[in-house]
Protein chains: 2
Amino acid sequence: MDTFKTGELSVEAKTTIQMEGAKTPHLYTVSSGMGVRYKTLENGRRQVINFIMPGDFVGLQAGVMGEAGHSIESTTPMVLCTFQRQDLWRLFQSYPSRAYDLVWLAASEEAFLGQSLATVGQRSGIERVSWALLKLYGRLDQLGLTKGNSVSLPYRQQDLADALGLSLVHTNKTLSELRSRKMADWSNGALTILDREALQSTAMMEAEERGPRPLM
Amino acid sequence: MDTFKTGELSVEAKTTIQMEGAKTPHLYTVSSGMGVRYKTLENGRRQVINFIMPGDFVGLQAGVMGEAGHSIESTTPMVLCTFQRQDLWRLFQSYPSRAYDLVWLAASEEAFLGQSLATVGQRSGIERVSWALLKLYGRLDQLGLTKGNSVSLPYRQQDLADALGLSLVHTNKTLSELRSRKMADWSNGALTILDREALQSTAMMEAEERGPRPLM
DNA sequence: CGCCCACTTGAGGAATGTCAATCTCCGTGG
DNA sequence: CCACGGAGATTGACATTCCTCAAGTGGGCG
């Protein structure tokens with residue numbers, strides 16, 4: 001993939017990397033740092049589509065369709081490798097196996113969005129929060145960023161609320177409910193899983209095995 | 001694409017075409033008929049992910065990942081063209097432009113799911129229903145299936161409710177609200193758009209231009 | 001004729017949202 | 001060193017949307 005790399009982008013925390021509707025979107029691979037993908041509605045409400053973590057490949061949708069469908073913002077300082085849109089087509093002609101990996105990534109993303117949709121549409125507040133904390137922890141665990149059963153999670157409660165379609169206040173109360181039940185504790189930027197079994201059962205979510213995942 | 005076609009599948013209404021978790025999923029192109037893609041949670045609740053209409057290419061996610069992430073059910077009688085999973089890889093090697101179309105489709109699907117997520121997560125009941133009716137009408141219009149400002153819409157209210165994360169009762173009451181406001185009327189299997197402007201403004205949704213769309 | 005499915009309607013209750021005040025950090029300027 | 005201000009988290013009181021339960025209607029089909 002290094003052939004296609006055109007540059008490196010370093011941004012501070014709370015920087016907008018891509019705006020919804022941008023016509024010349026870039027493609028990125030995340031080297032380090034974390035962020036969010038989100039959409040903003042006319043009424044100002046915000047839906048967080050996904051949380052962005054190291055290793056993620058972002059902007060494929062925007063790259064293929066020519067217009068970004070969502071905004072991207074850094075939460076912590078981030079470093080990203082950038083690619084050109086037009087190189088995408090070159091990749092398809094020259095490296096079919098890389099192209100296949102790309103569809104694999106797109107399909108995974110679609111699968112994840114389907115799960116999110118089911119969560120937001122059909123689960124109660126405490127189920128949604130449990131589900132999200134497990135998902136977040138799982139991804140960070142896979143990256144080897146956990147220590148014991150804790151992990152640094154630099155987002156705000158507002159971000160989680162906007163991802164789950166809950167109000168900030170309700171999210172806060174739900175988080176403290178999980179804390180008092182000794183199931184999970186997210187405070188001071190660190191998430192600790194205290195009782196995975198209980199979390200999984202209230203989230204109504206079965207443990208899932210993780211296959212290999214192509215890196216871009 | 002005919003090279004890859006391996007058969008044709010005709011099913012009656014209310015037939016399950018693919019089950020969530022199926023290990024040998026097929027790929028399909030819809031020739032005629034309509035259906036739904038959905039996920040079922042442990043508690044029995046159902047999330048409709050998308051409505052399937054003629055021309056849709058379904059099962060890409062399942063085909064690439066090797067396991068279906070959702071079920072597919074016909075609502076009306078349907079005719080589908082079937083493809084083999086293993087041919088997907090062959091396609092990538094031999095027809096990069098077709099492969100590129102495939103990513104395009106995957107990206108569109110992802111974009112649509114993002115919009116759905118924002119709708120279910122951030123909009124109120126009446127906003128969600130308005131949004132959904134406009135989306136459904138728009139897709140059918142593009143297929144040339146509309147007459148005047150009406151179109152046949154064979155789904156049940158329960159299907160719409162499950163797509164929007166609302167209860168059947170509330171969906172029903174919201175539909176009759178839209179009817180009494182003379183904005184839209186969906187009854188007896190036909191959807192009529194009575195006041196597009198009003199629908200768009202309550203859905204908080206701007207009109208969108210539609211580009212060409214690859215057929216598979 | 002009678003059943004089943006989808007749709008409809010009313011009443012009451014629970015989950016979640018909104019508003020508003022307070023608290024705790026933490027960085028900055030004086 | 002301390003006052004000030006802002007961002008995020010927390011909490012209480014109240015409002016409202018939406019859900020659940022329950023009953024009833026109407027059409028299609030065996």
# chains A, B, ... in the order shown; residues from 1 in each chain; ligands from 1
call {"tool": "closest_atom_pairs", "arguments": {"of": "chain C", "to": "chain B", "cutoff": "9 Å", "atoms": "only C-alpha atoms (C1' of nucleotides)", "output": "CSV"}}
result
residue,atom,partner,partner_atom,distance
C:DA6,C1',B:Arg156,CA,7.6
C:DC7,C1',B:Asn172,CA,8.0
C:DT8,C1',B:Asn172,CA,7.8
C:DT9,C1',B:Lys173,CA,8.9
call {"tool": "write_last_selection", "arguments": {"atoms": "N, CA, C and O atoms (P, O5', C5', C4', C3', O3' and C1' of nucleotides)", "output": "mmCIF file, in the first residue's frame"}}
result
data_model
loop_
_atom_site.group_PDB
_atom_site.id
_atom_site.type_symbol
_atom_site.label_atom_id
_atom_site.label_comp_id
_atom_site.auth_asym_id
_atom_site.auth_seq_id
_atom_site.Cartn_x
_atom_site.Cartn_y
_atom_site.Cartn_z
ATOM 1 P P DA C 6 -50.296 -10.300 8.793
ATOM 2 O "O5'" DA C 6 -50.887 -8.842 8.651
ATOM 3 C "C5'" DA C 6 -51.428 -8.445 7.397
ATOM 4 C "C4'" DA C 6 -52.349 -7.274 7.618
ATOM 5 C "C3'" DA C 6 -51.682 -6.084 8.305
ATOM 6 O "O3'" DA C 6 -51.737 -4.977 7.421
ATOM 7 C "C1'" DA C 6 -53.803 -6.588 9.283
ATOM 8 P P DC C 7 -51.058 -3.589 7.891
ATOM 9 O "O5'" DC C 7 -52.300 -2.761 8.445
ATOM 10 C "C5'" DC C 7 -53.497 -2.713 7.668
ATOM 11 C "C4'" DC C 7 -54.618 -2.137 8.498
ATOM 12 C "C3'" DC C 7 -54.273 -0.824 9.214
ATOM 13 O "O3'" DC C 7 -55.245 0.140 8.846
ATOM 14 C "C1'" DC C 7 -55.330 -2.327 10.689
ATOM 15 P P DT C 8 -55.088 1.659 9.295
ATOM 16 O "O5'" DT C 8 -55.948 1.738 10.625
ATOM 17 C "C5'" DT C 8 -57.300 1.306 10.599
ATOM 18 C "C4'" DT C 8 -57.933 1.472 11.970
ATOM 19 C "C3'" DT C 8 -57.586 2.749 12.737
ATOM 20 O "O3'" DT C 8 -58.791 3.470 12.917
ATOM 21 C "C1'" DT C 8 -57.523 0.845 14.149
ATOM 22 P P DT C 9 -58.804 4.984 13.398
ATOM 23 O "O5'" DT C 9 -59.060 4.848 14.957
ATOM 24 C "C5'" DT C 9 -60.081 3.957 15.418
ATOM 25 C "C4'" DT C 9 -60.044 3.847 16.932
ATOM 26 C "C3'" DT C 9 -59.515 5.082 17.673
ATOM 27 O "O3'" DT C 9 -60.513 5.513 18.573
ATOM 28 C "C1'" DT C 9 -58.524 3.097 18.504
#
call {"tool": "interface_residues", "arguments": {"of": "chain B", "to": "chain A", "cutoff": "7 Å", "atoms": "only C-alpha atoms", "output": "mmCIF file with N, CA and C atoms, in the first residue's frame"}}
result
data_model
loop_
_atom_site.group_PDB
_atom_site.id
_atom_site.type_symbol
_atom_site.label_atom_id
_atom_site.label_comp_id
_atom_site.auth_asym_id
_atom_site.auth_seq_id
_atom_site.Cartn_x
_atom_site.Cartn_y
_atom_site.Cartn_z
ATOM 1 N N GLU B 42 -32.059 -11.333 20.402
ATOM 2 C CA GLU B 42 -32.364 -12.420 21.331
ATOM 3 C C GLU B 42 -33.752 -12.297 21.943
ATOM 4 N N ARG B 45 -37.174 -9.179 19.246
ATOM 5 C CA ARG B 45 -37.484 -7.971 18.488
ATOM 6 C C ARG B 45 -36.767 -8.003 17.153
ATOM 7 N N GLN B 47 -35.305 -5.864 13.712
ATOM 8 C CA GLN B 47 -34.941 -4.597 13.080
ATOM 9 C C GLN B 47 -34.906 -4.791 11.585
ATOM 10 N N ILE B 49 -33.587 -3.761 8.275
ATOM 11 C CA ILE B 49 -32.408 -3.007 7.858
ATOM 12 C C ILE B 49 -32.691 -2.206 6.597
ATOM 13 N N GLN B 61 -22.504 -8.425 1.320
ATOM 14 C CA GLN B 61 -21.890 -8.523 2.642
ATOM 15 C C GLN B 61 -21.700 -9.978 3.060
ATOM 16 N N VAL B 64 -18.979 -11.753 0.855
ATOM 17 C CA VAL B 64 -17.589 -11.437 1.138
ATOM 18 C C VAL B 64 -17.162 -11.990 2.492
ATOM 19 N N MET B 65 -18.041 -11.838 3.467
ATOM 20 C CA MET B 65 -17.646 -12.211 4.818
ATOM 21 C C MET B 65 -17.882 -13.685 5.138
ATOM 22 N N GLY B 69 -25.221 -11.650 7.732
ATOM 23 C CA GLY B 69 -25.421 -10.858 8.935
ATOM 24 C C GLY B 69 -26.886 -10.542 9.181
ATOM 25 N N PHE B 92 -13.179 -10.148 -9.525
ATOM 26 C CA PHE B 92 -12.198 -9.127 -9.165
ATOM 27 C C PHE B 92 -10.950 -9.215 -10.028
ATOM 28 N N GLN B 93 -10.582 -10.443 -10.374
ATOM 29 C CA GLN B 93 -9.372 -10.600 -11.177
ATOM 30 C C GLN B 93 -9.586 -10.243 -12.638
ATOM 31 N N PRO B 96 -12.090 -5.652 -13.420
ATOM 32 C CA PRO B 96 -11.909 -4.617 -12.393
ATOM 33 C C PRO B 96 -12.998 -3.557 -12.403
ATOM 34 N N TYR B 100 -15.252 -2.578 -9.321
ATOM 35 C CA TYR B 100 -15.365 -1.215 -8.824
ATOM 36 C C TYR B 100 -16.831 -0.857 -8.602
ATOM 37 N N VAL B 103 -17.927 -2.131 -5.260
ATOM 38 C CA VAL B 103 -17.580 -1.276 -4.122
ATOM 39 C C VAL B 103 -18.482 -0.076 -4.084
ATOM 40 N N TRP B 104 -18.819 0.402 -5.273
ATOM 41 C CA TRP B 104 -19.737 1.533 -5.326
ATOM 42 C C TRP B 104 -21.050 1.175 -4.649
ATOM 43 N N ALA B 106 -21.544 -1.180 -2.449
ATOM 44 C CA ALA B 106 -21.326 -1.374 -1.017
ATOM 45 C C ALA B 106 -21.269 -0.026 -0.306
ATOM 46 N N ALA B 107 -20.617 0.940 -0.951
ATOM 47 C CA ALA B 107 -20.500 2.257 -0.355
ATOM 48 C C ALA B 107 -21.867 2.945 -0.271
ATOM 49 N N GLU B 110 -23.730 1.530 2.539
ATOM 50 C CA GLU B 110 -23.214 2.060 3.791
ATOM 51 C C GLU B 110 -23.748 3.472 4.031
ATOM 52 N N ALA B 111 -23.785 4.275 2.964
ATOM 53 C CA ALA B 111 -24.286 5.636 3.101
ATOM 54 C C ALA B 111 -25.746 5.620 3.530
ATOM 55 N N LEU B 113 -27.327 3.248 5.156
ATOM 56 C CA LEU B 113 -27.439 2.805 6.544
ATOM 57 C C LEU B 113 -27.079 3.928 7.502
ATOM 58 N N GLY B 114 -26.115 4.741 7.099
ATOM 59 C CA GLY B 114 -25.768 5.890 7.927
ATOM 60 C C GLY B 114 -26.950 6.840 8.072
ATOM 61 N N LEU B 117 -29.492 5.262 10.363
ATOM 62 C CA LEU B 117 -29.053 5.340 11.757
ATOM 63 C C LEU B 117 -29.347 6.728 12.317
ATOM 64 N N ALA B 118 -29.067 7.748 11.523
ATOM 65 C CA ALA B 118 -29.331 9.109 11.970
ATOM 66 C C ALA B 118 -30.831 9.326 12.174
ATOM 67 N N VAL B 120 -33.200 6.968 12.879
ATOM 68 C CA VAL B 120 -33.703 6.232 14.034
ATOM 69 C C VAL B 120 -33.144 6.817 15.336
ATOM 70 N N GLY B 121 -31.899 7.299 15.264
ATOM 71 C CA GLY B 121 -31.284 7.806 16.480
ATOM 72 C C GLY B 121 -31.731 9.213 16.862
ATOM 73 N N GLN B 122 -32.016 10.057 15.877
ATOM 74 C CA GLN B 122 -32.187 11.476 16.188
ATOM 75 C C GLN B 122 -33.529 12.080 15.836
ATOM 76 N N LEU B 164 -38.164 1.517 11.656
ATOM 77 C CA LEU B 164 -37.959 2.830 12.264
ATOM 78 C C LEU B 164 -37.773 2.779 13.773
ATOM 79 N N GLY B 165 -37.837 1.582 14.342
ATOM 80 C CA GLY B 165 -37.675 1.481 15.787
ATOM 81 C C GLY B 165 -38.862 2.062 16.540
ATOM 82 N N MET B 204 -37.238 16.922 7.867
ATOM 83 C CA MET B 204 -35.957 17.628 7.944
ATOM 84 C C MET B 204 -34.933 16.986 7.030
#
call {"tool": "interface_residues", "arguments": {"of": "chain D", "to": "chain B", "cutoff": "10 Å", "atoms": "only C-alpha atoms (C1' of nucleotides)", "output": "list in words"}}
result
DT17, DC18, DC19 and DT20 of chain D
call {"tool": "select_by_dssp", "arguments": {"residues": "region 117-215 of chain B", "states": "strand (DSSP E or B)", "output": "PyMOL selection string"}}
result
chain B and resi 147+150-152+184-187+190-193
call {"tool": "write_last_selection", "arguments": {"atoms": "all heavy atoms", "output": "PDB file, in the first residue's frame"}}
result
ATOM      1  N   LYS B 147     -47.528   6.002 -10.391  1.00  0.00           N
ATOM      2  CA  LYS B 147     -48.584   6.497 -11.286  1.00  0.00           C
ATOM      3  C   LYS B 147     -49.133   7.753 -10.650  1.00  0.00           C
ATOM      4  O   LYS B 147     -49.714   7.696  -9.578  1.00  0.00           O
ATOM      5  CB  LYS B 147     -49.720   5.477 -11.406  1.00  0.00           C
ATOM      6  CG  LYS B 147     -49.405   4.307 -12.323  1.00  0.00           C
ATOM      7  CD  LYS B 147     -50.618   3.360 -12.398  1.00  0.00           C
ATOM      8  CE  LYS B 147     -50.221   2.045 -13.074  1.00  0.00           C
ATOM      9  NZ  LYS B 147     -50.886   0.883 -12.484  1.00  0.00           N
ATOM     10  N   SER B 150     -48.884   8.325  -6.830  1.00  0.00           N
ATOM     11  CA  SER B 150     -49.171   7.123  -6.047  1.00  0.00           C
ATOM     12  C   SER B 150     -48.272   5.985  -6.474  1.00  0.00           C
ATOM     13  O   SER B 150     -47.742   5.977  -7.577  1.00  0.00           O
ATOM     14  CB  SER B 150     -50.624   6.689  -6.260  1.00  0.00           C
ATOM     15  OG  SER B 150     -51.487   7.483  -5.500  1.00  0.00           O
ATOM     16  N   VAL B 151     -48.122   5.053  -5.577  1.00  0.00           N
ATOM     17  CA  VAL B 151     -47.335   3.878  -5.908  1.00  0.00           C
ATOM     18  C   VAL B 151     -47.788   2.718  -5.023  1.00  0.00           C
ATOM     19  O   VAL B 151     -48.232   2.926  -3.886  1.00  0.00           O
ATOM     20  CB  VAL B 151     -45.826   4.162  -5.701  1.00  0.00           C
ATOM     21  CG1 VAL B 151     -45.510   4.326  -4.240  1.00  0.00           C
ATOM     22  CG2 VAL B 151     -44.980   3.080  -6.308  1.00  0.00           C
ATOM     23  N   SER B 152     -47.726   1.516  -5.568  1.00  0.00           N
ATOM     24  CA  SER B 152     -48.091   0.342  -4.791  1.00  0.00           C
ATOM     25  C   SER B 152     -46.983   0.021  -3.787  1.00  0.00           C
ATOM     26  O   SER B 152     -45.813  -0.026  -4.141  1.00  0.00           O
ATOM     27  CB  SER B 152     -48.301  -0.841  -5.746  1.00  0.00           C
ATOM     28  OG  SER B 152     -48.337  -2.044  -5.031  1.00  0.00           O
ATOM     29  N   ALA B 184     -49.540  12.627   3.403  1.00  0.00           N
ATOM     30  CA  ALA B 184     -49.312  11.351   2.719  1.00  0.00           C
ATOM     31  C   ALA B 184     -50.381  10.369   3.162  1.00  0.00           C
ATOM     32  O   ALA B 184     -50.893  10.450   4.274  1.00  0.00           O
ATOM     33  CB  ALA B 184     -47.933  10.806   3.052  1.00  0.00           C
ATOM     34  N   ASP B 185     -50.723   9.465   2.282  1.00  0.00           N
ATOM     35  CA  ASP B 185     -51.742   8.480   2.594  1.00  0.00           C
ATOM     36  C   ASP B 185     -51.266   7.107   2.159  1.00  0.00           C
ATOM     37  O   ASP B 185     -51.137   6.828   0.965  1.00  0.00           O
ATOM     38  CB  ASP B 185     -53.048   8.853   1.866  1.00  0.00           C
ATOM     39  CG  ASP B 185     -54.178   7.871   2.219  1.00  0.00           C
ATOM     40  OD1 ASP B 185     -53.883   6.807   2.800  1.00  0.00           O
ATOM     41  OD2 ASP B 185     -55.344   8.170   1.908  1.00  0.00           O
ATOM     42  N   TRP B 186     -50.998   6.267   3.127  1.00  0.00           N
ATOM     43  CA  TRP B 186     -50.614   4.887   2.807  1.00  0.00           C
ATOM     44  C   TRP B 186     -51.709   3.973   3.327  1.00  0.00           C
ATOM     45  O   TRP B 186     -51.823   3.775   4.536  1.00  0.00           O
ATOM     46  CB  TRP B 186     -49.271   4.543   3.443  1.00  0.00           C
ATOM     47  CG  TRP B 186     -48.847   3.138   3.183  1.00  0.00           C
ATOM     48  CD1 TRP B 186     -49.163   2.361   2.106  1.00  0.00           C
ATOM     49  CD2 TRP B 186     -48.021   2.316   4.022  1.00  0.00           C
ATOM     50  NE1 TRP B 186     -48.590   1.130   2.209  1.00  0.00           N
ATOM     51  CE2 TRP B 186     -47.881   1.069   3.370  1.00  0.00           C
ATOM     52  CE3 TRP B 186     -47.384   2.524   5.240  1.00  0.00           C
ATOM     53  CZ2 TRP B 186     -47.138   0.025   3.923  1.00  0.00           C
ATOM     54  CZ3 TRP B 186     -46.642   1.491   5.787  1.00  0.00           C
ATOM     55  CH2 TRP B 186     -46.515   0.254   5.135  1.00  0.00           C
ATOM     56  N   SER B 187     -52.533   3.506   2.452  1.00  0.00           N
ATOM     57  CA  SER B 187     -53.592   2.589   2.869  1.00  0.00           C
ATOM     58  C   SER B 187     -53.951   1.681   1.703  1.00  0.00           C
ATOM     59  O   SER B 187     -53.732   2.024   0.544  1.00  0.00           O
ATOM     60  CB  SER B 187     -54.825   3.368   3.338  1.00  0.00           C
ATOM     61  OG  SER B 187     -55.159   4.377   2.406  1.00  0.00           O
ATOM     62  N   ALA B 190     -51.333   1.058  -1.072  1.00  0.00           N
ATOM     63  CA  ALA B 190     -50.865   2.101  -1.982  1.00  0.00           C
ATOM     64  C   ALA B 190     -50.436   3.336  -1.205  1.00  0.00           C
ATOM     65  O   ALA B 190     -51.114   3.756  -0.266  1.00  0.00           O
ATOM     66  CB  ALA B 190     -51.956   2.457  -2.982  1.00  0.00           C
ATOM     67  N   LEU B 191     -49.314   3.872  -1.588  1.00  0.00           N
ATOM     68  CA  LEU B 191     -48.806   5.087  -0.951  1.00  0.00           C
ATOM     69  C   LEU B 191     -49.007   6.276  -1.877  1.00  0.00           C
ATOM     70  O   LEU B 191     -48.602   6.241  -3.038  1.00  0.00           O
ATOM     71  CB  LEU B 191     -47.309   4.924  -0.652  1.00  0.00           C
ATOM     72  CG  LEU B 191     -46.546   6.199  -0.256  1.00  0.00           C
ATOM     73  CD1 LEU B 191     -47.063   6.765   1.053  1.00  0.00           C
ATOM     74  CD2 LEU B 191     -45.056   5.897  -0.152  1.00  0.00           C
ATOM     75  N   THR B 192     -49.620   7.320  -1.353  1.00  0.00           N
ATOM     76  CA  THR B 192     -49.816   8.544  -2.142  1.00  0.00           C
ATOM     77  C   THR B 192     -49.155   9.715  -1.435  1.00  0.00           C
ATOM     78  O   THR B 192     -49.396   9.935  -0.251  1.00  0.00           O
ATOM     79  CB  THR B 192     -51.321   8.847  -2.308  1.00  0.00           C
ATOM     80  OG1 THR B 192     -51.974   7.696  -2.831  1.00  0.00           O
ATOM     81  CG2 THR B 192     -51.526  10.022  -3.249  1.00  0.00           C
ATOM     82  N   ILE B 193     -48.308  10.408  -2.176  1.00  0.00           N
ATOM     83  CA  ILE B 193     -47.679  11.607  -1.632  1.00  0.00           C
ATOM     84  C   ILE B 193     -48.602  12.779  -1.911  1.00  0.00           C
ATOM     85  O   ILE B 193     -48.834  13.137  -3.061  1.00  0.00           O
ATOM     86  CB  ILE B 193     -46.309  11.857  -2.305  1.00  0.00           C
ATOM     87  CG1 ILE B 193     -45.385  10.661  -2.123  1.00  0.00           C
ATOM     88  CG2 ILE B 193     -45.663  13.130  -1.746  1.00  0.00           C
ATOM     89  CD1 ILE B 193     -44.986  10.364  -0.714  1.00  0.00           C
TER      90      ILE B 193
END
call {"tool": "select_by_dssp", "arguments": {"residues": "region 75-148 of chain A", "states": "helix (DSSP H, G or I)", "output": "MDAnalysis selection string"}}
result
chainID A and resid 87:94 96:122 125:142
call {"tool": "residues_around", "arguments": {"residues": "DT16 (chain D)", "least_positions_apart": "5", "cutoff": "12 Å", "atoms": "only C-alpha atoms (C1' of nucleotides)", "output": "ChimeraX atom specification"}}
result
/B:124 /C:14-18
call {"tool": "residues_around", "arguments": {"residues": "Met78 (chain B)", "least_positions_apart": "6", "cutoff": "7 Å", "atoms": "only C-alpha atoms (C1' of nucleotides)", "output": "NGL selection string"}}
result
:B and (10-12 or 32-34)
call {"tool": "atom_distance", "arguments": {"atom1": "C1' of DT24 (chain C)", "atom2": "C1' of DA3 (chain D)"}}
result
16.2 Å
call {"tool": "closest_residue", "arguments": {"among": "A:Thr29, A:Ser180, A:Thr15, A:Thr24", "to": "Leu215 (chain A)", "atoms": "only C-alpha atoms"}}
result
A:Thr29
call {"tool": "closest_residue", "arguments": {"among": "B:Leu80, B:Leu160, B:Val30, B:Ile17", "to": "Lys135 (chain B)", "atoms": "only C-alpha atoms"}}
result
B:Leu160
